[in-house]
Structure formats: C-alpha cells, structure tokens
>>> print(open('run_5.cif').read())   # mmCIF, C-alpha atoms
data_coords
loop_
_atom_site.label_atom_id
_atom_site.label_comp_id
_atom_site.auth_asym_id
_atom_site.auth_seq_id
_atom_site.Cartn_x
_atom_site.Cartn_y
_atom_site.Cartn_z
CA MET B 1 40.69 230.98 31.69
CA GLU B 2 40.86 229.42 35.13
CA GLN B 3 39.55 225.89 35.34
CA GLU B 4 36.90 226.59 38.00
CA THR B 5 35.26 229.28 35.86
CA ARG B 6 34.95 227.07 32.80
CA PRO B 7 31.56 225.60 31.98
CA VAL B 8 31.19 221.95 32.93
CA VAL B 9 30.26 219.66 30.04
CA LEU B 10 29.29 215.99 30.25
CA MET B 11 29.53 213.87 27.12
CA VAL B 12 27.51 210.65 27.15
CA GLU B 13 28.91 208.59 24.30
CA ASP B 14 29.73 204.88 23.98
CA ASP B 15 32.32 205.35 21.20
CA LEU B 16 35.71 205.59 22.93
CA MET B 17 37.46 207.17 19.95
CA LEU B 18 34.84 209.93 19.73
CA ARG B 19 35.04 210.54 23.50
CA ASN B 20 38.83 210.87 23.25
CA ILE B 21 38.63 213.29 20.32
CA ALA B 22 35.98 215.38 22.07
CA ASP B 23 38.00 215.45 25.30
CA ARG B 24 40.95 216.95 23.41
CA VAL B 25 38.75 219.48 21.59
CA PHE B 26 36.90 220.50 24.77
CA THR B 27 40.00 220.99 26.96
CA GLU B 28 40.49 224.66 26.09
CA LYS B 29 36.98 225.87 26.88
CA PHE B 30 35.40 223.40 29.29
CA ASN B 31 35.82 221.22 32.31
CA ALA B 32 34.82 218.12 30.38
CA THR B 33 33.82 214.71 31.65
CA SER B 34 32.58 211.75 29.69
CA CYS B 35 30.51 208.67 30.44
CA GLU B 36 30.30 205.62 28.22
CA ASP B 37 26.76 204.58 29.11
CA ALA B 38 23.49 205.74 30.65
CA HIS B 39 24.16 204.11 34.02
CA SER B 40 27.41 206.06 34.45
CA ALA B 41 25.71 209.27 33.30
CA LEU B 42 22.88 208.82 35.80
CA SER B 43 25.41 208.30 38.61
CA TYR B 44 27.36 211.39 37.56
CA MET B 45 24.22 213.54 37.34
CA LYS B 46 23.15 212.55 40.87
CA GLN B 47 26.24 214.33 42.18
CA HIS B 48 26.80 217.08 39.58
CA THR B 49 24.80 219.60 37.59
CA PRO B 50 26.77 220.31 34.42
CA ASP B 51 26.20 223.38 32.28
CA ALA B 52 25.71 221.16 29.23
CA VAL B 53 25.29 217.51 28.30
CA LEU B 54 26.23 216.22 24.87
CA LEU B 55 24.06 213.10 24.61
CA ASP B 56 24.12 210.20 22.19
CA ILE B 57 20.79 208.45 21.58
CA MET B 58 22.03 204.92 20.91
CA LEU B 59 23.66 203.86 24.17
CA PRO B 60 24.27 200.25 25.22
CA ASP B 61 22.07 200.21 28.33
CA MET B 62 19.35 202.84 27.82
CA SER B 63 18.26 205.23 25.11
CA GLY B 64 19.54 208.79 25.24
CA ILE B 65 15.91 209.79 24.66
CA GLU B 66 15.02 208.13 27.99
CA LEU B 67 17.82 210.04 29.71
CA LEU B 68 16.66 213.30 28.14
CA GLU B 69 13.13 212.67 29.37
CA ARG B 70 14.32 211.90 32.91
CA TRP B 71 16.54 214.95 33.13
CA ARG B 72 13.98 217.32 31.65
CA GLY B 73 11.49 216.00 34.22
CA ASP B 74 13.83 216.99 37.06
CA GLU B 75 13.93 220.70 37.95
CA THR B 76 17.56 220.24 39.12
CA TYR B 77 18.64 220.26 35.47
CA ALA B 78 16.42 223.11 34.25
CA ASN B 79 19.48 225.24 33.43
CA THR B 80 21.48 222.41 31.87
CA ALA B 81 21.64 222.53 28.08
CA ILE B 82 21.04 219.01 26.75
CA ILE B 83 22.29 218.62 23.21
CA MET B 84 21.68 215.46 21.23
CA PHE B 85 24.70 214.22 19.26
CA THR B 86 23.78 211.09 17.35
CA ASN B 87 23.92 209.05 14.16
CA LEU B 88 20.13 209.07 13.87
CA SER B 89 19.19 211.50 11.13
CA GLU B 90 15.47 210.83 10.67
CA THR B 91 13.05 213.69 11.24
CA LYS B 92 10.99 211.62 13.71
CA ASP B 93 14.02 211.19 16.00
CA ARG B 94 14.87 214.90 15.89
CA LYS B 95 11.23 215.86 16.48
CA LYS B 96 10.88 213.56 19.50
CA ALA B 97 14.09 214.88 21.10
CA MET B 98 13.10 218.50 20.56
CA GLU B 99 9.59 217.89 21.92
CA LEU B 100 11.14 216.39 25.06
CA GLY B 101 13.26 219.48 25.61
CA ALA B 102 16.55 218.94 23.81
CA ASP B 103 18.33 222.23 23.22
CA GLY B 104 19.89 221.04 19.97
CA TYR B 105 20.12 217.99 17.73
CA TYR B 106 23.22 217.29 15.66
CA VAL B 107 23.96 214.31 13.42
CA LYS B 108 27.56 213.16 13.92
CA ALA B 109 28.20 212.62 10.21
CA ASN B 110 27.11 216.19 9.44
CA ILE B 111 29.29 218.09 11.89
CA ASP B 112 32.97 218.72 12.44
CA VAL B 113 33.82 217.85 16.06
CA THR B 114 35.93 221.03 16.28
CA ASP B 115 32.72 223.05 15.82
CA LEU B 116 31.14 221.51 18.92
CA PRO B 117 32.61 223.88 21.53
CA ASP B 118 31.04 226.93 19.88
CA LEU B 119 27.71 225.12 19.50
CA ILE B 120 27.78 224.05 23.14
CA VAL B 121 28.52 227.61 24.30
CA LYS B 122 25.61 228.86 22.18
CA HIS B 123 23.22 226.39 23.81
CA ILE B 124 24.49 227.15 27.33
CA LYS B 125 23.91 230.86 26.75
CA LYS B 126 20.39 230.23 25.42
CA ARG B 127 19.53 228.03 28.41
CA ARG B 128 20.88 230.51 31.00
CA ASN B 129 19.34 233.84 31.78
CA PRO B 130 20.72 236.88 29.92
CA GLY B 131 22.31 238.30 33.08
CA TRP B 132 24.55 235.30 33.55
CA SER B 133 27.89 237.08 33.34
CA TRP B 134 30.63 234.57 34.08
CA LEU B 135 30.43 232.86 30.70
CA PRO B 136 32.75 234.72 28.32
CA SER B 137 31.77 235.34 24.72
CA TRP B 138 34.33 233.41 22.73
#
>>> encode(input="run_5.cif", output="structure tokens")
Amino acid sequence: MEQETRPVVLMVEDDLMLRNIADRVFTEKFNATSCEDAHSALSYMKQHTPDAVLLDIMLPDMSGIELLERWRGDETYANTAIIMFTNLSETKDRKKAMELGADGYYVKANIDVTDLPDLIVKHIKKRRNPGWSWLPSW
C-alpha cells in the first residue's frame, strides 16, 4: 500500500518503550506519528487531522480526558476516531471517556499491542461514512 493512501494515526503516549513498539507495529498499515505529551499533541493537531488518535489518559502535562474533550468540541476532528489506551481500568474512567465521545477504551494490560492496528481500523471505519472507499478492508 502506498504511504499517502495509508490512514494517519497519532499516538499520544508518554512511555517511550510503548511508543517505539507501537511505531514498529503500525508501520505496515499506517502513517504513524507519536507525541509524548499533551502539548506536543495539541501542536500536531493544529496542523494535521489524523484518521485516528490513540490517546493515553495519564500524561505528564494534561489529562488525556481533557484532550478528548477539546478535540470532540472542535468540528475539525469530527471524523477522527479517538481511542483511549490507558492503564486506568475503573468503570468511572471508561464511562467518562465514552460520554465525552471516545470511540473506544482499551486497558493496556488487557490488550496485545499487535491487535491495535485491527482495532484502530475498525474505529476509523465506524467513524467514517460507509461510502468512504479508500480504506481497504484488511
């Protein structure tokens, strides 16, 4: 698949090892970029509209929940799938994220990172209209 036709995915994660693993896993299916904190993610999102964001909640400078709320309040990102990927497993955290418009909520300890690409594709397809034809069915 040519690079320009691949979905663009932003991972907002402060754990360098997890970012590196995800970058390797995402290479085949996505044009992937990562940011280590909310400030970097906000800067990136001012200039880009990714197809999906994989968002940690516990970031060093701002909560991922705050980022989710900002982005869901901006029509620019209406077609961007925002998927929470966190260590927080309590129902209240999941409920808040979903109420604010998260497309998915996954606990890091409960998921194999190699399963993420298929989950991301699923959420992109759900967020986009059914006639969106450039995204292949993997």
>>> residues_near_point(input="run_5.cif", point="(20.1, 213.6, 5.6)", cutoff="10 Å", atoms="only C-alpha atoms", output="number ranges by chain")
B: 88-91, 107, 109-110
>>> atom_distance(input="run_5.cif", atom1="atom CA of B:Trp71", atom2="atom CA of B:Pro50")
11.6 Å
>>> residues_around(input="run_5.cif", residues="B:Asn79", least_positions_apart="3", cutoff="9 Å", atoms="only C-alpha atoms", output="PyMOL selection string")
chain B and resi 49-52+75-76+124+127-129
>>> axis_aligned_box(input="run_5.cif", around="stretch 71-83 of chain B", padding_each_side="3 Å", output="lines of an AutoDock Vina configuration file")
center_x = 16.9
center_y = 220.1
center_z = 31.2
size_x = 16.8
size_y = 16.3
size_z = 21.9
>>> resolve_selection(input="run_5.cif", expression="the PyMOL selection byres ((chain B and resi 55) around 7)", output="list in words")
Met11, Val12, Glu13, Val53, Leu54, Asp56, Ile57, Gly64, Ile82, Ile83, Met84 and Phe85 of chain B
>>> write_last_selection(input="run_5.cif", atoms="C-alpha atoms", output="PDB file, in the coordinates of the input")
ATOM      1  CA  MET B  11      29.530 213.870  27.120  1.00  0.00           C
ATOM      2  CA  VAL B  12      27.510 210.650  27.150  1.00  0.00           C
ATOM      3  CA  GLU B  13      28.910 208.590  24.300  1.00  0.00           C
ATOM      4  CA  VAL B  53      25.290 217.510  28.300  1.00  0.00           C
ATOM      5  CA  LEU B  54      26.230 216.220  24.870  1.00  0.00           C
ATOM      6  CA  ASP B  56      24.120 210.200  22.190  1.00  0.00           C
ATOM      7  CA  ILE B  57      20.790 208.450  21.580  1.00  0.00           C
ATOM      8  CA  GLY B  64      19.540 208.790  25.240  1.00  0.00           C
ATOM      9  CA  ILE B  82      21.040 219.010  26.750  1.00  0.00           C
ATOM     10  CA  ILE B  83      22.290 218.620  23.210  1.00  0.00           C
ATOM     11  CA  MET B  84      21.680 215.460  21.230  1.00  0.00           C
ATOM     12  CA  PHE B  85      24.700 214.220  19.260  1.00  0.00           C
TER      13      PHE B  85
END
>>> resolve_selection(input="run_5.cif", expression="the PyMOL selection byres ((chain B and resi 103) around 7)", output="JSON, numbers by chain")
{"B": [81, 82, 83, 98, 101, 102, 104, 123]}
>>> write_last_selection(input="run_5.cif", atoms="C-alpha atoms", output="short mmCIF file (atom, residue, chain, number, x, y, z; two decimals), in the frame of the given file")
data_model
loop_
_atom_site.label_atom_id
_atom_site.label_comp_id
_atom_site.auth_asym_id
_atom_site.auth_seq_id
_atom_site.Cartn_x
_atom_site.Cartn_y
_atom_site.Cartn_z
CA ALA B 81 21.64 222.53 28.08
CA ILE B 82 21.04 219.01 26.75
CA ILE B 83 22.29 218.62 23.21
CA MET B 98 13.10 218.50 20.56
CA GLY B 101 13.26 219.48 25.61
CA ALA B 102 16.55 218.94 23.81
CA GLY B 104 19.89 221.04 19.97
CA HIS B 123 23.22 226.39 23.81
#
>>> residues_around(input="run_5.cif", residues="B:Pro60", least_positions_apart="5", cutoff="8 Å", atoms="all atoms listed in the file", output="PyMOL selection string")
chain B and resi 14+37-38
>>> residues_near_point(input="run_5.cif", point="(37.9, 224.9, 16.8)", cutoff="12 Å", atoms="all atoms listed in the file", output="ChimeraX atom specification")
/B:22,24-29,112-120,138
>>> closest_residue(input="run_5.cif", among="B:Thr80, B:Ser34, B:Leu59, B:Asn20", to="B:Val121", atoms="only C-alpha atoms")
B:Thr80
>>> atom_distance(input="run_5.cif", atom1="atom CA of B:His48", atom2="atom CA of B:Lys108")
26.0 Å
>>> atom_distance(input="run_5.cif", atom1="atom CA of B:Cys35", atom2="atom CA of B:Leu10")
7.4 Å
>>> residues_around(input="run_5.cif", residues="B:Arg70", least_positions_apart="5", cutoff="10 Å", atoms="only C-alpha atoms", output="MDAnalysis selection string")
chainID B and resid 42 64:65 77 100
>>> closest_residue(input="run_5.cif", among="B:Val9, B:Ala97, B:Met58, B:Ile111", to="B:Tyr44", atoms="all atoms listed in the file")
B:Val9
>>> closest_residue(input="run_5.cif", among="B:Lys95, B:Glu36, B:Glu69, B:Ser63", to="B:Leu16", atoms="only C-alpha atoms")
B:Glu36
>>> residues_around(input="run_5.cif", residues="B:Asn31", least_positions_apart="2", cutoff="7 Å", atoms="only C-alpha atoms", output="PyMOL selection string")
chain B and resi 3+6-9+27+33
>>> build_atoms(input="run_5.cif", residues="stretch 4-29 of chain B", atoms="N, CA and C atoms", output="mmCIF file, keeping the file's coordinate frame")
data_model
loop_
_atom_site.group_PDB
_atom_site.id
_atom_site.type_symbol
_atom_site.label_atom_id
_atom_site.label_comp_id
_atom_site.auth_asym_id
_atom_site.auth_seq_id
_atom_site.Cartn_x
_atom_site.Cartn_y
_atom_site.Cartn_z
ATOM 1 N N GLU B 4 38.152 226.558 37.255
ATOM 2 C CA GLU B 4 36.900 226.590 38.000
ATOM 3 C C GLU B 4 35.841 227.501 37.376
ATOM 4 N N THR B 5 36.242 228.405 36.490
ATOM 5 C CA THR B 5 35.260 229.280 35.860
ATOM 6 C C THR B 5 34.787 228.744 34.509
ATOM 7 N N ARG B 6 35.363 227.661 34.062
ATOM 8 C CA ARG B 6 34.950 227.070 32.800
ATOM 9 C C ARG B 6 33.613 226.343 32.958
ATOM 10 N N PRO B 7 32.786 226.381 31.932
ATOM 11 C CA PRO B 7 31.560 225.600 31.980
ATOM 12 C C PRO B 7 31.881 224.099 32.077
ATOM 13 N N VAL B 8 31.038 223.387 32.783
ATOM 14 C CA VAL B 8 31.190 221.950 32.930
ATOM 15 C C VAL B 8 30.326 221.262 31.873
ATOM 16 N N VAL B 9 30.953 220.373 31.104
ATOM 17 C CA VAL B 9 30.260 219.660 30.040
ATOM 18 C C VAL B 9 30.423 218.165 30.249
ATOM 19 N N LEU B 10 29.302 217.454 30.186
ATOM 20 C CA LEU B 10 29.290 215.990 30.250
ATOM 21 C C LEU B 10 28.978 215.465 28.865
ATOM 22 N N MET B 11 29.812 214.554 28.381
ATOM 23 C CA MET B 11 29.530 213.870 27.120
ATOM 24 C C MET B 11 29.142 212.443 27.433
ATOM 25 N N VAL B 12 27.971 212.029 26.962
ATOM 26 C CA VAL B 12 27.510 210.650 27.150
ATOM 27 C C VAL B 12 27.582 209.993 25.783
ATOM 28 N N GLU B 13 28.589 209.157 25.614
ATOM 29 C CA GLU B 13 28.910 208.590 24.300
ATOM 30 C C GLU B 13 29.599 207.242 24.499
ATOM 31 N N ASP B 14 29.135 206.203 23.809
ATOM 32 C CA ASP B 14 29.730 204.880 23.980
ATOM 33 C C ASP B 14 30.938 204.639 23.069
ATOM 34 N N ASP B 15 31.187 205.495 22.107
ATOM 35 C CA ASP B 15 32.320 205.350 21.200
ATOM 36 C C ASP B 15 33.563 205.974 21.832
ATOM 37 N N LEU B 16 34.510 205.127 22.238
ATOM 38 C CA LEU B 16 35.710 205.590 22.930
ATOM 39 C C LEU B 16 36.522 206.564 22.084
ATOM 40 N N MET B 17 36.676 206.288 20.811
ATOM 41 C CA MET B 17 37.460 207.170 19.950
ATOM 42 C C MET B 17 36.822 208.571 19.891
ATOM 43 N N LEU B 18 35.514 208.632 19.769
ATOM 44 C CA LEU B 18 34.840 209.930 19.730
ATOM 45 C C LEU B 18 34.954 210.656 21.067
ATOM 46 N N ARG B 19 34.853 209.915 22.169
ATOM 47 C CA ARG B 19 35.040 210.540 23.500
ATOM 48 C C ARG B 19 36.436 211.124 23.619
ATOM 49 N N ASN B 20 37.440 210.396 23.165
ATOM 50 C CA ASN B 20 38.830 210.870 23.250
ATOM 51 C C ASN B 20 39.048 212.115 22.395
ATOM 52 N N ILE B 21 38.505 212.120 21.197
ATOM 53 C CA ILE B 21 38.630 213.290 20.320
ATOM 54 C C ILE B 21 37.952 214.490 20.966
ATOM 55 N N ALA B 22 36.731 214.286 21.445
ATOM 56 C CA ALA B 22 35.980 215.380 22.070
ATOM 57 C C ALA B 22 36.704 215.903 23.305
ATOM 58 N N ASP B 23 37.269 215.004 24.108
ATOM 59 C CA ASP B 23 38.000 215.450 25.300
ATOM 60 C C ASP B 23 39.133 216.401 24.908
ATOM 61 N N ARG B 24 39.852 216.080 23.849
ATOM 62 C CA ARG B 24 40.950 216.950 23.410
ATOM 63 C C ARG B 24 40.423 218.296 22.892
ATOM 64 N N VAL B 25 39.328 218.251 22.158
ATOM 65 C CA VAL B 25 38.750 219.480 21.590
ATOM 66 C C VAL B 25 38.162 220.359 22.691
ATOM 67 N N PHE B 26 37.581 219.749 23.718
ATOM 68 C CA PHE B 26 36.900 220.500 24.770
ATOM 69 C C PHE B 26 37.841 221.085 25.811
ATOM 70 N N THR B 27 39.060 220.605 25.905
ATOM 71 C CA THR B 27 40.000 220.990 26.960
ATOM 72 C C THR B 27 40.183 222.490 27.108
ATOM 73 N N GLU B 28 40.228 223.222 26.014
ATOM 74 C CA GLU B 28 40.490 224.660 26.090
ATOM 75 C C GLU B 28 39.350 225.462 26.705
ATOM 76 N N LYS B 29 38.123 225.053 26.472
ATOM 77 C CA LYS B 29 36.980 225.870 26.880
ATOM 78 C C LYS B 29 36.169 225.315 28.043
#
